[in-house]
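Asker: Have a look at the structure that comes next, please.
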Amino acid sequence: MRILLAALLVAFGALLSAPAQAADIPEYPDIEIPEVDYGLEGGFYLRGSGALNLLWAQEHLSVGCGCMNVPTGAGYGYSVGAGFGYEHGDGLRVDATLDYLSNNGLTDGINTLELRAAVALANVYYDIPLSGSGGDGGIGAYVGAGAGTTFFRTHVTGPAAPADGGGWTPTAAAMAGVTYDAGSWVGDLGYRFLYLPKISNYVAGDSFYLNDNTVHEVRGTVRYRFH
């Protein structure tokens, strides 16, 4: 009986001392864990472009007269286009573009070319942030390259001008420029170089050939991101 009474007194004493011990435990402030910033994530975008261009060729071959002439004056024109692309979020960006190109005035001193073309390219770029976060505001730069095809129609004016015609040629491109990133919208001003190996009317017996053609463009582009 005494043992039972002693056990009850010990248990009762423990219950009385528990609140006092709890009051001695210091209170710690709540710790807020910040959200992790994973940077710019990938996403799709639409783009539209407008450009002024200059066309030059290394040589003009005429099947009709069997002669070769060197161009003496460049052609000038414009292009407009649109495209759809994807940016990976690490600086790498890819897109597909289709541009309508118009150019007049390339001449060898005798005949003058009028060119109308559709330029279809697959392109890859690397974006370089110069200020801001590179994905949510700021100034940047880019370099890029592309490959594809140009479908064209030709019209030549001059004495004994060859017949109208057209065809296609493989096309390579190189690009560089500066950008301003406003979040959902990105604007850029850049330079694009196009290489077209051959332009011809492809008319049997009355063909002409322009070899090693280059197009130099100053382009403005706006991109809209889908978030």
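Each chain in the structure tokens gets a letter, A, B and so on, in the order shown; residues start at 1 in every chain, and ligands are counted from 1 in the order they appear.
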List the neighbours of Tyr209 of chain A out to 9 Å using only C-alpha atoms; skip same-chain residues closer than 4 positions along the sequence, and give me the result as a list of chain:residue names.

Answerer: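 The neighbour list is A:Glu59, A:His60, A:Leu61, A:Ser62, A:Val63, A:Lys198, A:Ile199, A:Ser200, A:Asn201, A:Tyr202.
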
Asker: Which residues come within 6 Å of Val143 of chain A, counting only C-alpha atoms, excluding same-chain residues fewer than 2 positions away, as a CSV table (one decimal) with all heavy atoms, in the first residue's frame?

Answerer:
```
chain,number,residue,atom,x,y,z
A,125,TYR,N,19.5,29.8,-83.4
A,125,TYR,CA,20.2,31.0,-82.9
A,125,TYR,C,20.7,30.8,-81.5
A,125,TYR,O,20.3,29.8,-80.8
A,125,TYR,CB,19.1,32.2,-82.8
A,125,TYR,CG,18.3,32.4,-84.0
A,125,TYR,CD1,17.1,31.7,-84.1
A,125,TYR,CD2,18.6,33.4,-84.9
A,125,TYR,CE1,16.3,31.9,-85.2
A,125,TYR,CE2,17.7,33.6,-86.0
A,125,TYR,CZ,16.6,32.9,-86.1
A,125,TYR,OH,15.8,33.1,-87.2
A,126,TYR,N,21.6,31.7,-81.1
A,126,TYR,CA,22.0,31.7,-79.7
A,126,TYR,C,21.9,33.1,-79.2
A,126,TYR,O,22.5,34.0,-79.7
A,126,TYR,CB,23.5,31.2,-79.5
A,126,TYR,CG,23.8,31.1,-78.0
A,126,TYR,CD1,23.4,30.0,-77.3
A,126,TYR,CD2,24.6,32.0,-77.4
A,126,TYR,CE1,23.7,29.8,-76.0
A,126,TYR,CE2,24.9,31.9,-76.1
A,126,TYR,CZ,24.4,30.8,-75.3
A,126,TYR,OH,24.7,30.7,-74.0
A,175,MET,N,22.9,35.2,-89.6
A,175,MET,CA,22.3,36.3,-89.0
A,175,MET,C,23.0,36.8,-87.7
A,175,MET,O,23.6,36.0,-87.0
A,175,MET,CB,20.8,36.0,-88.6
A,175,MET,CG,19.9,35.6,-89.7
A,175,MET,SD,20.1,33.9,-90.3
A,175,MET,CE,19.3,33.0,-89.0
A,176,ALA,N,22.9,38.1,-87.4
A,176,ALA,CA,23.3,38.6,-86.2
A,176,ALA,C,22.6,39.9,-85.9
A,176,ALA,O,22.1,40.6,-86.8
A,176,ALA,CB,24.8,38.9,-86.2
```

Asker: Name all residues at most 6 Å from Thr179 of chain A (count only C-alpha atoms; drop same-chain ones fewer than 6 positions away) and give them as a PyMOL selection string.

Answerer: chain A and resi 139-141+187-188

Asker: Measuring atom to atom with only C-alpha atoms, identify which of A:Val156, A:Phe226, A:Ala74, A:Thr149 is nearest to Leu196 of chain A.

Answerer: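 Comparing A:Val156, A:Phe226, A:Ala74, A:Thr149 against Leu196 of chain A, the winner is A:Thr149.
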
Asker: Could you tell me how far atom CA of Ala173 of chain A sits from atom CA of Val218 of chain A, in Å to one decimal place?

Answerer: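 So the answer is 13.2 Å.
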
Asker: Would you pick out the contacts of segment 104-109 of chain A at 10 Å or less, using only C-alpha atoms, so that residues sharing its chain but fewer than 5 positions from it are not included, and give the list as a PyMOL selection string?

Answerer: chain A and resi 54-57+59-60+68-78+114-116+155-158
